[in-house]
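Structure data (mmCIF, C-alpha atoms and all ligand atoms) from coords-v7.cif:
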data_coords
#
loop_
_atom_site.label_atom_id
_atom_site.label_comp_id
_atom_site.auth_asym_id
_atom_site.auth_seq_id
_atom_site.Cartn_x
_atom_site.Cartn_y
_atom_site.Cartn_z
CA MET A 1 -13.61 12.64 -21.67
CA ALA A 2 -11.11 11.93 -18.87
CA LEU A 3 -12.20 12.05 -15.23
CA THR A 4 -10.94 15.24 -13.55
CA PRO A 5 -7.98 14.52 -11.24
CA PHE A 6 -8.72 15.07 -7.58
CA ILE A 7 -5.99 17.21 -5.96
CA MET A 8 -6.11 17.01 -2.16
CA ASP A 9 -6.09 20.34 -0.36
CA HIS A 10 -6.59 19.10 3.19
CA PRO A 11 -4.27 20.94 5.63
CA LEU A 12 -3.15 17.70 7.31
CA ILE A 13 -2.07 16.23 3.96
CA GLN A 14 -0.32 19.45 2.90
CA HIS A 15 1.52 19.72 6.24
CA LYS A 16 2.74 16.13 6.10
CA ILE A 17 3.84 16.48 2.45
CA THR A 18 5.95 19.50 3.46
CA LEU A 19 7.72 17.31 6.04
CA LEU A 20 8.23 14.59 3.40
CA ARG A 21 9.84 17.04 0.99
CA ASP A 22 12.41 18.20 3.56
CA LYS A 23 15.74 16.54 2.74
CA ASN A 24 16.55 16.38 6.46
CA THR A 25 13.61 14.04 7.14
CA GLY A 26 15.11 10.59 7.83
CA SER A 27 13.81 7.20 6.64
CA LYS A 28 11.91 6.33 9.83
CA GLU A 29 9.91 9.55 9.84
CA PHE A 30 9.57 9.44 6.03
CA ARG A 31 7.96 5.98 6.21
CA GLU A 32 5.60 7.07 8.97
CA LEU A 33 4.54 10.13 7.00
CA ILE A 34 3.95 8.15 3.79
CA ASN A 35 1.65 5.79 5.70
CA GLU A 36 -0.21 8.63 7.43
CA ILE A 37 -0.75 10.45 4.12
CA ALA A 38 -1.92 7.21 2.47
CA MET A 39 -4.47 6.77 5.27
CA LEU A 40 -5.81 10.30 4.80
CA MET A 41 -5.97 9.85 1.03
CA CYS A 42 -7.71 6.47 1.44
CA TYR A 43 -10.48 8.25 3.37
CA GLU A 44 -11.07 10.53 0.37
CA ALA A 45 -10.66 7.85 -2.31
CA THR A 46 -13.29 5.61 -0.67
CA ARG A 47 -15.87 8.41 -0.31
CA ASP A 48 -17.98 7.02 -3.19
CA LEU A 49 -18.18 3.38 -2.00
CA PRO A 50 -21.76 2.13 -2.33
CA MET A 51 -23.75 1.59 0.86
CA LYS A 52 -26.83 -0.34 1.89
CA GLU A 53 -29.15 -0.08 4.84
CA VAL A 54 -29.25 -2.89 7.40
CA GLU A 55 -31.29 -3.41 10.53
CA ILE A 56 -29.41 -3.75 13.81
CA GLU A 57 -30.30 -3.67 17.48
CA THR A 58 -28.61 -1.02 19.61
CA PRO A 59 -28.75 -1.29 23.43
CA ILE A 60 -31.71 1.12 23.15
CA CYS A 61 -33.86 -0.10 20.23
CA MET A 62 -33.98 -1.61 16.74
CA ALA A 63 -32.49 0.76 14.15
CA LYS A 64 -31.73 1.00 10.48
CA SER A 65 -28.11 1.94 9.75
CA ARG A 66 -25.75 1.88 6.77
CA VAL A 67 -22.82 -0.40 5.89
CA ILE A 68 -20.52 -0.57 2.86
CA SER A 69 -21.91 -2.92 0.22
CA GLY A 70 -20.98 -4.05 -3.26
CA ARG A 71 -17.63 -4.95 -4.72
CA LYS A 72 -14.62 -5.57 -2.52
CA LEU A 73 -11.36 -3.64 -2.73
CA ALA A 74 -7.85 -4.55 -3.87
CA PHE A 75 -4.81 -2.34 -3.25
CA VAL A 76 -1.98 -2.68 -5.77
CA PRO A 77 1.28 -0.94 -4.85
CA ILE A 78 3.86 -0.36 -7.58
CA LEU A 79 7.17 -1.62 -6.15
CA ARG A 80 9.15 -0.42 -4.49
CA ALA A 81 7.86 2.92 -3.27
CA GLY A 82 4.15 2.02 -3.41
CA LEU A 83 4.81 -0.54 -0.64
CA GLY A 84 5.24 2.37 1.76
CA MET A 85 1.54 3.25 1.38
CA VAL A 86 0.04 -0.21 1.96
CA ASP A 87 -0.13 -0.27 5.77
CA GLY A 88 -1.87 3.11 5.88
CA MET A 89 -4.50 1.89 3.42
CA LEU A 90 -4.99 -1.43 5.24
CA ALA A 91 -5.42 0.40 8.54
CA LEU A 92 -8.71 1.76 7.14
CA VAL A 93 -9.74 -1.23 4.98
CA PRO A 94 -8.21 -4.33 6.60
CA ALA A 95 -10.27 -6.73 4.45
CA ALA A 96 -8.78 -5.47 1.17
CA LYS A 97 -6.56 -7.86 -0.78
CA VAL A 98 -3.12 -6.69 -1.91
CA GLY A 99 -1.55 -7.31 -5.32
CA HIS A 100 1.97 -6.27 -6.32
CA ILE A 101 3.40 -4.91 -9.55
CA GLY A 102 7.20 -4.60 -9.70
CA MET A 103 8.53 -1.86 -11.94
CA TYR A 104 11.58 0.36 -12.10
CA ARG A 105 12.56 3.24 -14.40
CA ASP A 106 15.53 2.62 -16.62
CA HIS A 107 18.12 5.25 -15.68
CA GLU A 108 18.98 6.07 -19.31
CA THR A 109 15.61 5.98 -21.05
CA HIS A 110 13.39 6.73 -18.01
CA MET A 111 11.02 4.08 -19.39
CA PRO A 112 9.45 1.60 -16.93
CA VAL A 113 10.79 -1.96 -16.83
CA GLU A 114 8.42 -4.53 -15.35
CA TYR A 115 9.85 -7.35 -13.25
CA TYR A 116 6.98 -8.75 -11.14
CA CYS A 117 3.21 -9.08 -11.12
CA LYS A 118 1.11 -10.98 -8.58
CA LEU A 119 -2.56 -10.06 -8.28
CA PRO A 120 -5.54 -11.44 -6.33
CA ALA A 121 -7.20 -14.21 -8.41
CA ASP A 122 -10.54 -12.37 -8.38
CA ILE A 123 -9.05 -8.98 -9.40
CA GLN A 124 -11.72 -8.49 -12.10
CA GLU A 125 -14.43 -8.51 -9.40
CA ARG A 126 -12.71 -5.93 -7.18
CA ASP A 127 -12.45 -2.14 -7.13
CA VAL A 128 -8.71 -1.60 -7.52
CA ILE A 129 -6.69 1.26 -6.02
CA VAL A 130 -3.16 1.48 -7.46
CA LEU A 131 -0.61 3.02 -5.08
CA ASP A 132 2.59 4.89 -5.92
CA PRO A 133 3.83 8.01 -4.11
CA MET A 134 5.27 9.51 -7.33
CA LEU A 135 3.67 10.21 -10.73
CA ALA A 136 6.50 11.68 -12.83
CA THR A 137 6.37 10.92 -16.59
CA GLY A 138 3.40 8.63 -15.92
CA GLY A 139 5.10 5.68 -17.65
CA SER A 140 5.06 3.37 -14.61
CA ALA A 141 1.43 4.13 -13.75
CA ILE A 142 0.29 3.66 -17.36
CA ASP A 143 2.07 0.30 -17.68
CA ALA A 144 0.79 -0.93 -14.31
CA ILE A 145 -2.79 -0.05 -15.26
CA ASN A 146 -2.34 -1.69 -18.70
CA GLN A 147 -1.29 -4.81 -16.84
CA LEU A 148 -4.30 -4.67 -14.51
CA LYS A 149 -6.69 -4.23 -17.43
CA GLN A 150 -5.11 -7.25 -19.17
CA TYR A 151 -6.02 -9.28 -16.07
CA GLY A 152 -9.60 -8.02 -16.34
CA ALA A 153 -9.69 -5.23 -13.74
CA ALA A 154 -12.44 -2.81 -14.77
CA SER A 155 -12.76 -0.39 -11.86
CA ILE A 156 -9.42 1.31 -11.18
CA LYS A 157 -8.32 4.37 -9.19
CA PHE A 158 -4.75 5.69 -8.96
CA LEU A 159 -3.50 7.28 -5.78
CA CYS A 160 -0.22 9.23 -5.66
CA ILE A 161 1.25 11.66 -3.17
CA ILE A 162 3.08 13.97 -5.59
CA ALA A 163 2.30 14.37 -9.30
CA ALA A 164 3.95 16.28 -12.12
CA PRO A 165 1.71 17.94 -14.74
CA GLU A 166 3.41 15.80 -17.42
CA GLY A 167 2.39 12.60 -15.58
CA ILE A 168 -1.20 13.70 -15.10
CA GLU A 169 -1.50 14.57 -18.78
CA ALA A 170 -0.02 11.23 -19.89
CA LEU A 171 -2.06 9.12 -17.46
CA THR A 172 -5.42 10.80 -18.10
CA THR A 173 -4.82 10.51 -21.87
CA ALA A 174 -3.86 6.81 -21.70
CA HIS A 175 -6.52 5.84 -19.13
CA PRO A 176 -9.35 8.43 -19.13
CA ASP A 177 -11.55 6.02 -17.14
CA VAL A 178 -9.18 5.93 -14.15
CA GLN A 179 -9.90 8.39 -11.32
CA LEU A 180 -6.68 10.00 -10.18
CA TYR A 181 -6.10 11.25 -6.60
CA CYS A 182 -2.98 13.38 -5.90
CA GLY A 183 -1.73 14.81 -2.62
CA ALA A 184 0.02 17.67 -4.42
CA LEU A 185 0.52 18.89 -7.96
CA ASP A 186 4.13 20.02 -8.50
CA ASP A 187 5.71 22.28 -11.08
CA HIS A 188 7.57 20.25 -13.70
CA LEU A 189 10.09 17.43 -14.39
CA ASN A 190 13.82 18.15 -14.54
CA GLU A 191 16.22 16.80 -17.20
CA ASN A 192 16.47 13.49 -15.29
CA LYS A 193 12.66 13.22 -15.15
CA TYR A 194 12.56 13.89 -11.41
CA ILE A 195 9.66 15.93 -10.05
CA VAL A 196 10.47 19.55 -9.15
CA PRO A 197 10.36 20.45 -6.29
CA GLY A 198 9.29 16.86 -5.45
CA LEU A 199 10.94 14.91 -2.68
CA GLY A 200 13.78 13.11 -4.47
CA ASP A 201 13.73 9.35 -5.01
CA ALA A 202 10.81 7.99 -2.99
CA GLY A 203 12.02 4.37 -2.95
CA ASP A 204 15.48 5.33 -1.74
CA ARG A 205 14.07 7.58 0.98
CA ILE A 206 11.61 4.92 2.22
CA PHE A 207 14.12 2.08 2.30
CA GLY A 208 17.26 4.06 3.13
CA THR A 209 19.11 2.94 0.00
CA LYS A 210 21.65 5.28 -1.61
C1 LIG B 1 9.58 5.67 -9.00
C2 LIG B 1 8.19 5.85 -8.44
C3 LIG B 1 7.31 5.46 -9.58
C4 LIG B 1 8.10 5.94 -10.78
C5 LIG B 1 7.50 7.22 -11.28
O1 LIG B 1 9.96 4.35 -8.98
O2 LIG B 1 7.94 5.11 -7.27
O3 LIG B 1 7.06 4.08 -9.67
O4 LIG B 1 9.45 6.18 -10.31
O5 LIG B 1 8.12 7.65 -12.43
P1 LIG B 1 7.38 7.70 -13.85
O6 LIG B 1 6.04 8.33 -13.61
O7 LIG B 1 8.29 8.55 -14.68
O8 LIG B 1 7.27 6.30 -14.36
P2 LIG B 1 11.45 3.91 -9.40
O9 LIG B 1 11.50 3.70 -10.89
O10 LIG B 1 12.43 4.89 -8.85
O11 LIG B 1 11.60 2.49 -8.77
P3 LIG B 1 11.80 2.09 -7.21
O12 LIG B 1 10.54 2.48 -6.49
O13 LIG B 1 12.00 0.64 -7.25
O14 LIG B 1 12.99 2.86 -6.69
N1 LIG B 2 10.53 8.74 -9.01
C1 LIG B 2 10.82 9.27 -7.81
O1 LIG B 2 10.98 8.54 -6.82
N2 LIG B 2 10.91 10.61 -7.72
C2 LIG B 2 10.73 11.42 -8.77
O2 LIG B 2 10.82 12.65 -8.61
C3 LIG B 2 10.43 10.84 -10.01
C4 LIG B 2 10.34 9.50 -10.12
#
What is this structure when it is put down as structure tokens?
Amino acid sequence: MALTPFIMDHPLIQHKITLLRDKNTGSKEFRELINEIAMLMCYEATRDLPMKEVEIETPICMAKSRVISGRKLAFVPILRAGLGMVDGMLALVPAAKVGHIGMYRDHETHMPVEYYCKLPADIQERDVIVLDPMLATGGSAIDAINQLKQYGAASIKFLCIIAAPEGIEALTTAHPDVQLYCGALDDHLNENKYIVPGLGDAGDRIFGTK
């Protein structure tokens, strides 16, 4: 059975997503918001990291206290738009390594076309969090995760800011072992496979193209 998607309901995330959706929000503010939302989502997506107790000395006395232990993290943005989330994630986990998967949707078929893949050499030993603000048909996310699994990644989460029901269905069917975190669940896809209401083309809005 597929893991249940985690839909964020935190007021700060919802407020910032509303600003993102607004077509009058310019690229500078859009980029800042994407990073802030990524940081807030990172906090939630790392809630289950294993911990161990260590002994330290405070200025007052010896004490036992907890630190994160176990496998290290890798963040893998799907280019281009996933790049916008990387700095927010690294602000909370600066030691994470970053891989990149380049993919774009063909304008006619809406199918993903892969053009780049560079991952940390020890990806199979890391907990991987894939980053992409948009989960529309799910094709890009499914292909990126296929790619990661081919390289041996075994522990994978997917973090998106806006998801369509069609994308969630496709991704959880293709990869039931992948925990999915979404900032918002939207209504449907339009005839061009854009999320409704969505926020338009995330890559174009981040980088000011178009
Ligand atoms: C967008 C988005 C996802 C993909 C989602 O990328 O960032 O990667 O579409 O759509 P899907 O779920 O239907 O696959 P896009 O193809 O526009 O590429 P870009 O980021 O380079 O502009
Ligand atoms: N990619 C985007 O950037 N936006 C959508 O709504 C769908 C795919």
Step by step, gather every atom of ligand LIG 2 (chain B) that the file lists, find the box along x, y and z that holds them, add 8 Å on each side, and finally give centre and edge lengths in Å to one decimal, as lines of an AutoDock Vina configuration file.
center_x = 10.7
center_y = 10.6
center_z = -8.5
size_x = 16.6
size_y = 20.1
size_z = 19.3
Å distance separating atom CA of A:Ser140 from atom O14 of ligand LIG 1 (chain B), one decimal place: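 Going from atom CA of A:Ser140 over to atom O14 of ligand LIG 1 (chain B), I get 11.2 Å.
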Shell of 7 Å around ligand LIG 1 (chain B) (all atoms listed in the file), written as number ranges by chain: A: 78-82, 103-105, 110-112, 132-141, 167, 193, 201-204
Near-stretch 194-199 of chain A list (12 Å; only C-alpha atoms; drop same-chain fewer than 4 positions) as a ChimeraX atom specification: /A:17-25,30,34,105,107,110,133-138,161-167,183-190,203-206
Distance query 10 Å from (-4.9, 7.4, 5.8) using all atoms listed in the file, result as a list of chain:residue names: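 Residues satisfying the cut-off, written out: A:Ile13, A:Leu33, A:Ile34, A:Asn35, A:Glu36, A:Ile37, A:Ala38, A:Met39, A:Leu40, A:Met41, A:Cys42, A:Tyr43, A:Glu44, A:Ala45, A:Met85, A:Val86, A:Asp87, A:Gly88, A:Met89, A:Leu90, A:Ala91, A:Leu92, A:Val93.
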